[in-house]
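Trainee: Contents are mmCIF, C-alpha atoms; file name input.cif:
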```cif
data_run
loop_
_atom_site.label_atom_id
_atom_site.label_comp_id
_atom_site.auth_asym_id
_atom_site.auth_seq_id
_atom_site.Cartn_x
_atom_site.Cartn_y
_atom_site.Cartn_z
CA MET A 242 -2.08 10.39 -16.35
CA ASP A 243 -1.75 6.71 -17.25
CA LYS A 244 -0.60 4.87 -14.11
CA ASP A 245 2.10 2.92 -15.93
CA SER A 246 3.56 6.21 -17.17
CA ASP A 247 3.62 7.90 -13.75
CA PRO A 248 7.32 7.77 -12.79
CA ASP A 249 6.56 8.26 -9.10
CA ARG A 250 4.38 5.14 -8.92
CA HIS A 251 6.20 2.77 -11.26
CA PHE A 252 9.13 0.73 -9.95
CA ASP A 253 11.63 -1.78 -11.22
CA ILE A 254 11.01 -3.86 -8.09
CA ILE A 255 9.05 -3.52 -4.86
CA SER A 256 9.93 -5.52 -1.74
CA ILE A 257 7.05 -6.61 0.51
CA GLY A 258 7.92 -7.86 3.99
CA SER A 259 9.43 -6.83 7.29
CA ALA A 260 11.42 -3.83 8.47
CA THR A 261 13.18 -4.09 11.82
CA ILE A 262 15.92 -2.86 14.07
CA ASP A 263 18.67 -5.45 14.62
CA GLN A 264 20.84 -5.26 17.72
CA PHE A 265 23.90 -7.52 17.70
CA VAL A 266 25.03 -8.46 21.21
CA TYR A 267 28.34 -10.21 21.89
CA THR A 268 28.84 -12.08 25.15
CA ASP A 269 31.09 -14.81 26.51
CA ILE A 270 28.23 -17.30 26.66
CA GLN A 271 28.66 -21.05 26.61
CA LEU A 272 27.22 -23.71 24.33
CA ILE A 273 25.77 -26.90 25.79
CA GLN A 274 25.19 -29.97 23.65
CA ILE A 275 22.16 -32.17 24.30
CA LYS A 276 22.05 -35.46 22.45
CA SER A 277 19.60 -38.34 22.61
CA SER A 278 18.06 -40.81 20.19
CA SER A 279 15.51 -38.22 19.11
CA LEU A 280 17.29 -34.95 19.80
CA ALA A 281 20.63 -33.43 18.93
CA LYS A 282 20.83 -29.73 19.66
CA GLU A 283 23.21 -27.10 20.89
CA LEU A 284 21.80 -24.66 23.43
CA ILE A 285 23.10 -21.34 24.68
CA ALA A 286 23.56 -21.31 28.45
CA TYR A 287 23.47 -18.35 30.85
CA PRO A 288 24.24 -18.60 34.57
CA LEU A 289 20.92 -18.31 36.41
CA GLY A 290 20.45 -15.15 38.45
CA SER A 291 23.68 -13.51 37.36
CA LYS A 292 24.54 -10.38 35.40
CA ILE A 293 26.02 -11.10 31.97
CA LEU A 294 28.56 -8.61 30.72
CA VAL A 295 28.19 -7.54 27.11
CA GLU A 296 31.53 -7.32 25.35
CA ARG A 297 30.22 -5.13 22.54
CA PHE A 298 27.06 -4.46 20.58
CA HIS A 299 26.04 -3.05 17.21
CA PHE A 300 22.79 -1.48 16.12
CA PHE A 301 21.51 -1.62 12.52
CA THR A 302 18.31 -1.72 10.52
CA GLY A 303 17.13 -5.04 9.09
CA GLY A 304 14.12 -7.01 7.90
CA SER A 305 13.46 -8.71 4.56
CA ALA A 306 11.78 -5.79 2.77
CA SER A 307 14.17 -3.20 4.18
CA ASN A 308 17.28 -5.24 3.40
CA THR A 309 16.32 -6.30 -0.11
CA SER A 310 14.97 -2.92 -1.24
CA VAL A 311 18.25 -1.26 -0.22
CA GLY A 312 20.14 -4.02 -2.02
CA PHE A 313 18.14 -3.51 -5.21
CA SER A 314 18.65 0.24 -5.05
CA ARG A 315 22.41 -0.16 -4.73
CA LEU A 316 22.34 -2.25 -7.90
CA GLY A 317 20.74 0.63 -9.79
CA LEU A 318 17.11 -0.50 -9.72
CA LYS A 319 14.27 1.84 -8.82
CA ALA A 320 13.18 0.16 -5.60
CA GLY A 321 10.24 0.46 -3.25
CA CYS A 322 9.64 -0.99 0.22
CA ILE A 323 6.24 -2.02 1.57
CA SER A 324 6.22 -2.84 5.27
CA ASN A 325 4.51 -1.68 8.45
CA ILE A 326 6.63 0.20 10.97
CA GLY A 327 5.81 1.82 14.28
CA LEU A 328 5.28 5.54 14.59
CA ASP A 329 8.27 5.74 16.91
CA TYR A 330 11.99 6.44 17.21
CA TYR A 331 13.06 3.17 15.60
CA GLY A 332 10.62 3.60 12.74
CA GLU A 333 12.09 7.03 12.06
CA ILE A 334 15.57 5.51 11.86
CA ILE A 335 14.35 3.02 9.24
CA LEU A 336 12.65 5.74 7.19
CA LYS A 337 15.74 7.95 7.23
CA GLU A 338 17.96 5.10 6.07
CA LEU A 339 15.61 4.12 3.24
CA LYS A 340 15.55 7.73 2.07
CA LYS A 341 19.34 7.89 2.22
CA GLU A 342 19.53 4.72 0.10
CA LYS A 343 17.07 6.16 -2.46
CA VAL A 344 14.36 3.63 -1.63
CA ALA A 345 10.74 4.79 -1.73
CA PHE A 346 8.84 3.79 1.41
CA LEU A 347 5.40 2.71 0.20
CA GLY A 348 4.22 1.15 3.44
CA SER A 349 2.46 2.48 6.52
CA THR A 350 3.32 3.81 9.96
CA ASP A 351 1.46 2.26 12.86
CA LYS A 352 0.35 4.24 15.93
CA SER A 353 -0.75 1.12 17.79
CA HIS A 354 2.21 -1.24 17.38
CA PRO A 355 5.94 -0.54 17.81
CA THR A 356 8.56 -1.19 15.17
CA GLY A 357 9.83 -4.77 14.99
CA PHE A 358 13.03 -5.46 16.89
CA SER A 359 15.53 -8.33 16.92
CA VAL A 360 18.34 -9.12 19.33
CA ILE A 361 21.04 -11.30 17.81
CA LEU A 362 22.99 -13.10 20.52
CA ASP A 363 26.44 -14.05 19.29
CA SER A 364 28.65 -16.44 21.23
CA PHE A 365 32.41 -16.80 21.39
CA ALA A 366 32.03 -19.79 19.05
CA LYS A 367 30.45 -17.54 16.38
CA ASP A 368 27.09 -19.25 16.80
CA ARG A 369 24.01 -17.11 17.17
CA THR A 370 20.46 -17.08 18.44
CA ILE A 371 17.92 -14.46 17.39
CA LEU A 372 15.24 -13.08 19.69
CA ALA A 373 12.68 -11.61 17.29
CA TYR A 374 9.82 -9.29 18.21
CA LYS A 375 7.68 -8.87 15.10
CA GLY A 376 5.79 -5.84 16.40
CA ALA A 377 4.21 -3.76 13.63
CA ASN A 378 5.37 -6.27 11.00
CA ASP A 379 2.54 -8.61 11.97
CA PHE A 380 0.02 -5.88 11.21
CA LEU A 381 0.92 -5.06 7.62
CA THR A 382 -2.16 -3.75 5.86
CA SER A 383 -2.92 -3.06 2.23
CA LYS A 384 -5.73 -0.59 2.96
CA PRO A 385 -3.90 2.76 3.26
CA LEU A 386 -1.26 2.00 0.64
CA SER A 387 -3.32 2.63 -2.53
CA PRO A 388 -1.72 -0.40 -4.24
CA SER A 389 -3.98 0.16 -7.26
CA GLU A 390 -1.78 3.16 -8.04
CA LEU A 391 1.45 1.13 -7.96
CA THR A 392 3.02 -0.72 -10.87
CA ALA A 393 6.23 -2.73 -10.92
CA LYS A 394 8.28 -4.91 -13.21
CA ALA A 395 8.88 -7.26 -10.28
CA LEU A 396 7.92 -7.95 -6.68
CA TYR A 397 10.05 -9.56 -4.00
CA VAL A 398 7.99 -11.03 -1.17
CA GLY A 399 9.87 -11.85 2.01
CA SER A 400 8.99 -12.89 5.55
CA LEU A 401 5.32 -12.35 6.36
CA ALA A 402 3.41 -14.08 9.14
CA GLY A 403 -0.22 -14.39 10.20
CA ASN A 404 -2.63 -11.86 8.74
CA ALA A 405 0.30 -9.91 7.29
CA PHE A 406 0.72 -12.78 4.82
CA ASN A 407 -2.89 -12.43 3.67
CA GLU A 408 -2.43 -8.68 3.26
CA GLY A 409 0.73 -9.33 1.28
CA VAL A 410 -1.21 -11.57 -1.09
CA LYS A 411 -3.74 -8.75 -1.63
CA LEU A 412 -0.89 -6.39 -2.48
CA ILE A 413 0.58 -8.85 -4.99
CA LYS A 414 -2.76 -9.31 -6.74
CA SER A 415 -3.44 -5.58 -6.89
CA ILE A 416 -0.03 -4.56 -8.23
CA LYS A 417 0.00 -7.40 -10.77
CA ALA A 418 -3.49 -6.47 -11.98
CA ASN A 419 -2.57 -2.81 -12.30
CA SER A 420 0.60 -3.36 -14.35
CA ARG A 421 0.14 -3.62 -18.10
CA GLU A 422 3.17 -5.85 -18.51
CA HIS A 423 3.83 -9.06 -16.60
CA THR A 424 5.04 -8.50 -13.05
CA THR A 425 7.60 -11.12 -12.03
CA VAL A 426 7.05 -12.32 -8.45
CA PHE A 427 9.95 -13.73 -6.45
CA PHE A 428 8.82 -15.39 -3.23
CA ASN A 429 10.88 -16.34 -0.19
CA PRO A 430 8.40 -18.29 1.96
CA SER A 431 10.50 -18.18 5.18
CA ALA A 432 10.50 -20.97 7.76
CA TYR A 433 7.16 -19.78 9.17
CA ILE A 434 5.29 -20.31 5.89
CA ALA A 435 7.32 -23.38 4.93
CA ASP A 436 6.37 -25.01 8.24
CA LYS A 437 2.70 -24.71 7.27
CA GLY A 438 3.41 -27.13 4.45
CA LEU A 439 2.93 -27.20 0.72
CA PRO A 440 -0.88 -27.61 0.80
CA PHE A 441 -1.09 -24.17 2.41
CA LEU A 442 1.44 -22.61 0.05
CA SER A 443 -0.08 -24.21 -3.06
CA LYS A 444 -3.05 -21.83 -2.93
CA TYR A 445 -0.71 -18.93 -3.66
CA LEU A 446 1.70 -20.53 -6.12
CA PRO A 447 -0.22 -19.30 -9.21
CA LEU A 448 0.89 -15.78 -8.21
CA VAL A 449 4.56 -16.76 -8.02
CA ASP A 450 7.17 -16.95 -10.79
CA CYS A 451 10.19 -18.13 -8.78
CA LEU A 452 10.78 -19.52 -5.29
CA ILE A 453 13.90 -18.48 -3.36
CA LEU A 454 14.62 -20.31 -0.12
CA ASN A 455 17.24 -22.15 1.87
CA LYS A 456 17.70 -25.89 2.15
CA GLU A 457 15.95 -26.14 5.53
CA GLU A 458 12.88 -24.32 4.24
CA ALA A 459 12.82 -26.51 1.14
CA ARG A 460 12.95 -29.67 3.28
CA LEU A 461 9.97 -28.44 5.29
CA LEU A 462 7.96 -28.04 2.09
CA VAL A 463 9.03 -31.38 0.60
CA GLU A 464 8.09 -33.18 3.84
CA ASN A 465 10.42 -36.08 3.13
CA PRO A 466 12.95 -36.63 5.96
CA HIS A 467 14.81 -39.19 3.86
CA LEU A 468 15.99 -36.57 1.37
CA SER A 469 19.27 -34.95 2.35
CA LYS A 470 21.13 -34.18 -0.88
CA PRO A 471 20.44 -30.65 -2.19
CA GLU A 472 19.92 -32.00 -5.71
CA ASP A 473 17.21 -34.38 -4.51
CA ILE A 474 15.47 -31.78 -2.36
CA ILE A 475 15.28 -29.09 -5.04
CA THR A 476 14.12 -31.60 -7.65
CA ALA A 477 11.41 -32.96 -5.36
CA LEU A 478 10.20 -29.44 -4.58
CA TYR A 479 10.07 -28.51 -8.26
CA LEU A 480 8.02 -31.61 -9.06
CA ARG A 481 5.49 -30.53 -6.44
CA THR A 482 5.38 -26.82 -7.32
CA LYS A 483 6.33 -26.64 -11.01
CA LYS A 484 8.09 -23.36 -10.23
CA PRO A 485 11.75 -22.43 -10.86
CA ILE A 486 13.64 -22.66 -7.58
CA ALA A 487 16.80 -21.03 -6.25
CA MET A 488 17.99 -22.75 -3.08
CA THR A 489 20.89 -21.80 -0.82
CA ASP A 490 22.82 -24.31 1.27
CA GLY A 491 25.25 -22.32 3.40
CA ALA A 492 28.89 -23.11 2.74
CA ASN A 493 27.78 -25.56 0.04
CA GLY A 494 26.70 -22.66 -2.18
CA ALA A 495 23.45 -22.32 -4.11
CA PHE A 496 21.38 -24.39 -6.52
CA TYR A 497 18.86 -23.66 -9.27
CA TYR A 498 16.40 -25.94 -11.03
CA ASN A 499 13.60 -25.07 -13.46
CA GLY A 500 12.60 -28.52 -14.65
CA LYS A 501 14.96 -28.35 -17.62
CA SER A 502 18.39 -27.36 -16.37
CA PHE A 503 20.19 -27.79 -13.06
CA HIS A 504 22.87 -25.40 -11.83
CA HIS A 505 25.14 -25.29 -8.78
CA LYS A 506 27.39 -22.43 -7.73
CA LYS A 507 29.94 -23.25 -5.07
CA ALA A 508 30.66 -20.82 -2.26
CA ARG A 509 34.21 -19.74 -1.57
CA LYS A 510 35.91 -20.49 1.73
CA ILE A 511 35.88 -17.14 3.50
CA LYS A 512 35.94 -15.92 7.08
CA VAL A 513 32.35 -15.42 8.23
CA LEU A 514 31.96 -12.57 10.71
CA GLU A 515 28.15 -12.56 10.94
CA SER A 516 25.64 -14.47 8.82
CA THR A 517 22.54 -12.35 9.44
CA GLY A 518 21.24 -11.03 6.12
CA ALA A 519 22.99 -13.64 3.98
CA GLY A 520 19.73 -14.93 2.53
CA ASP A 521 18.45 -11.45 1.69
CA ALA A 522 21.76 -10.56 0.04
CA PHE A 523 21.65 -13.72 -2.08
CA SER A 524 18.07 -12.96 -3.12
CA VAL A 525 19.03 -9.44 -4.20
CA GLY A 526 21.88 -10.64 -6.40
CA PHE A 527 19.88 -13.51 -7.87
CA CYS A 528 16.80 -11.39 -8.66
CA PHE A 529 18.98 -8.67 -10.17
CA GLY A 530 20.47 -11.27 -12.49
CA ILE A 531 17.06 -12.56 -13.57
CA LEU A 532 15.76 -9.05 -14.22
CA SER A 533 18.92 -8.28 -16.20
CA GLY A 534 18.32 -11.27 -18.48
CA LYS A 535 21.34 -13.25 -17.26
CA THR A 536 21.70 -17.02 -17.33
CA PRO A 537 20.76 -19.02 -14.21
CA ALA A 538 24.45 -19.73 -13.56
CA THR A 539 25.26 -16.02 -13.61
CA CYS A 540 22.27 -15.24 -11.38
CA LEU A 541 23.54 -17.73 -8.79
CA ALA A 542 27.00 -16.18 -9.05
CA TYR A 543 25.59 -12.70 -8.38
CA GLY A 544 23.67 -14.02 -5.38
CA ILE A 545 26.67 -15.80 -3.89
CA LYS A 546 28.94 -12.79 -4.47
CA ASN A 547 26.53 -10.43 -2.72
CA SER A 548 25.98 -12.85 0.16
CA GLU A 549 29.71 -13.41 0.67
CA SER A 550 30.22 -9.66 0.83
CA VAL A 551 27.59 -9.28 3.57
CA ILE A 552 28.70 -12.12 5.84
CA ARG A 553 32.21 -10.71 6.07
CA HIS A 554 30.77 -7.80 8.03
CA ILE A 555 28.29 -7.14 10.83
CA GLY A 556 24.86 -5.92 9.73
CA ALA A 557 22.58 -7.16 6.96
CA LYS A 558 22.97 -4.06 4.77
CA ASN A 559 26.44 -2.74 5.47
CA ASN A 560 28.25 -4.40 2.60
CA LEU A 561 25.56 -5.00 0.01
CA LEU A 562 27.28 -4.56 -3.33
CA LYS A 563 26.99 -1.76 -5.87
CA LYS A 564 26.24 -2.62 -9.50
CA SER A 565 29.79 -1.94 -10.69
CA THR A 566 31.18 -4.38 -8.12
CA ILE A 567 28.73 -7.23 -8.68
CA LEU A 568 29.31 -7.08 -12.44
CA ARG A 569 33.07 -7.16 -12.04
#
```
Re-express the file's structure as structure tokens.

Mentor:
Amino acid sequence: MDKDSDPDRHFDIISIGSATIDQFVYTDIQLIQIKSSSLAKELIAYPLGSKILVERFHFFTGGSASNTSVGFSRLGLKAGCISNIGLDYYGEIILKELKKEKVAFLGSTDKSHPTGFSVILDSFAKDRTILAYKGANDFLTSKPLSPSELTAKALYVGSLAGNAFNEGVKLIKSIKANSREHTTVFFNPSAYIADKGLPFLSKYLPLVDCLILNKEEARLLVENPHLSKPEDIITALYLRTKKPIAMTDGANGAFYYNGKSFHHKKARKIKVLESTGAGDAFSVGFCFGILSGKTPATCLAYGIKNSESVIRHIGAKNNLLKKSTILR
């Protein structure tokens, strides 16, 4: 059978990245401000040697590939997820949820490394700090996945670090080469890759069709501390990459620039319960718009709408929108 015609191996979009367990922990912790001429930070403080009472906690699945693939599936796309999870209890939870959400798991299970795990520490002031254990995510491998058998209209590449990034690049090349039609690649470089700088990223830009990132990540890539306005940052990054860019800026909304037209979609003033997963939710809505042939302005609107839905609730997946809702 022709690979492009095999319905079990052809997808609308495949997400490549992490899959984790996220535990949200709420405590009555304090914030301490430290300010100097070279430093201005807020730190979470715990009394040394004491027992901290947890007011409540929540337990959900997360990770860039897991979150986005579920988001794409809810919007009616045939979605796949490529990540590396541990052959353990937490990995089984992730697999069961992906199956429930009609997402095909195309990744691998790892006997040697446990499933990635994050602890999100939320304070009374609604600020948060994330303790992230990458676990099996750092050991993503393309070898057992038979990527030469996979085809996709699009790929979404999320957070990958270390050798997992190199393996992700191999997957992109293989799936693109195997697909008869052009495979659109959306890439969210994450702070880890952005911190390596544009010279590092430039080697992989020929594989990418669109960059999706937040303002902080964009500033790391531009490497110009004097730029602060979103319009200046996204323009400078485009001039250095020559790739269309979608950039989020928290409460300031989202921006898009492709060298020809500039767009800005404002965010509404809403009550934010938890911001984890906001970036993934935006990416899902934005990519869905692009794949649906919508205008950049509409794509930004879809991304913002999906993100606003998620941050009103706890958990990165819990309120990802259905197609009927995002089109409304």

Trainee: Measure the distance from atom CA of Leu454 of chain A to atom CA of Pro355 of chain A in Å and round it to one decimal.

Mentor: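 Result for atom CA of Leu454 of chain A versus atom CA of Pro355 of chain A: 28.1 Å, one decimal.
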
Trainee: Between atom CA of Arg553 of chain A and atom CA of Leu514 of chain A, what distance in Å does the model show, to one decimal?

Mentor: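 Rounded to one decimal, the two atoms are 5.0 Å apart.
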
Trainee: Residues within 9 Å of Leu452 of chain A, please, as an mmCIF file with C-alpha atoms, in the frame of the given file. Count only C-alpha atoms; anything in the same chain fewer than 6 positions from it doesn't count.

Mentor:
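Heads up, here's the output in result.cif:
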```
data_model
loop_
_atom_site.group_PDB
_atom_site.id
_atom_site.type_symbol
_atom_site.label_atom_id
_atom_site.label_comp_id
_atom_site.auth_asym_id
_atom_site.auth_seq_id
_atom_site.Cartn_x
_atom_site.Cartn_y
_atom_site.Cartn_z
ATOM 1 C CA VAL A 426 7.050 -12.320 -8.450
ATOM 2 C CA PHE A 427 9.950 -13.730 -6.450
ATOM 3 C CA PHE A 428 8.820 -15.390 -3.230
ATOM 4 C CA ASN A 429 10.880 -16.340 -0.190
ATOM 5 C CA PRO A 430 8.400 -18.290 1.960
ATOM 6 C CA LYS A 484 8.090 -23.360 -10.230
ATOM 7 C CA PRO A 485 11.750 -22.430 -10.860
ATOM 8 C CA ILE A 486 13.640 -22.660 -7.580
ATOM 9 C CA ALA A 487 16.800 -21.030 -6.250
ATOM 10 C CA MET A 488 17.990 -22.750 -3.080
#
```

Trainee: Do you have the atom CA of Thr489 of chain A-atom CA of Ile413 of chain A distance handy?

Mentor: 24.4 Å

Trainee: With all atoms listed in the file as the counted atoms, please give the residues lying no more than 6 Å from segment 539-545 of chain A, apart from itself and same-chain residues fewer than 5 positions off, as a ChimeraX atom specification.

Mentor: /A:523,526-527,530

Trainee: Quick one: apply the PyMOL selection byres ((chain A and resi 419) around 8) to the file and drop the selected residues here as a list of chain:residue names.

Mentor: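 For this structure, the PyMOL selection byres ((chain A and resi 419) around 8) resolves to A:Ser389, A:Glu390, A:Leu391, A:Thr392, A:Ser415, A:Ile416, A:Lys417, A:Ala418, A:Ser420, A:Arg421.
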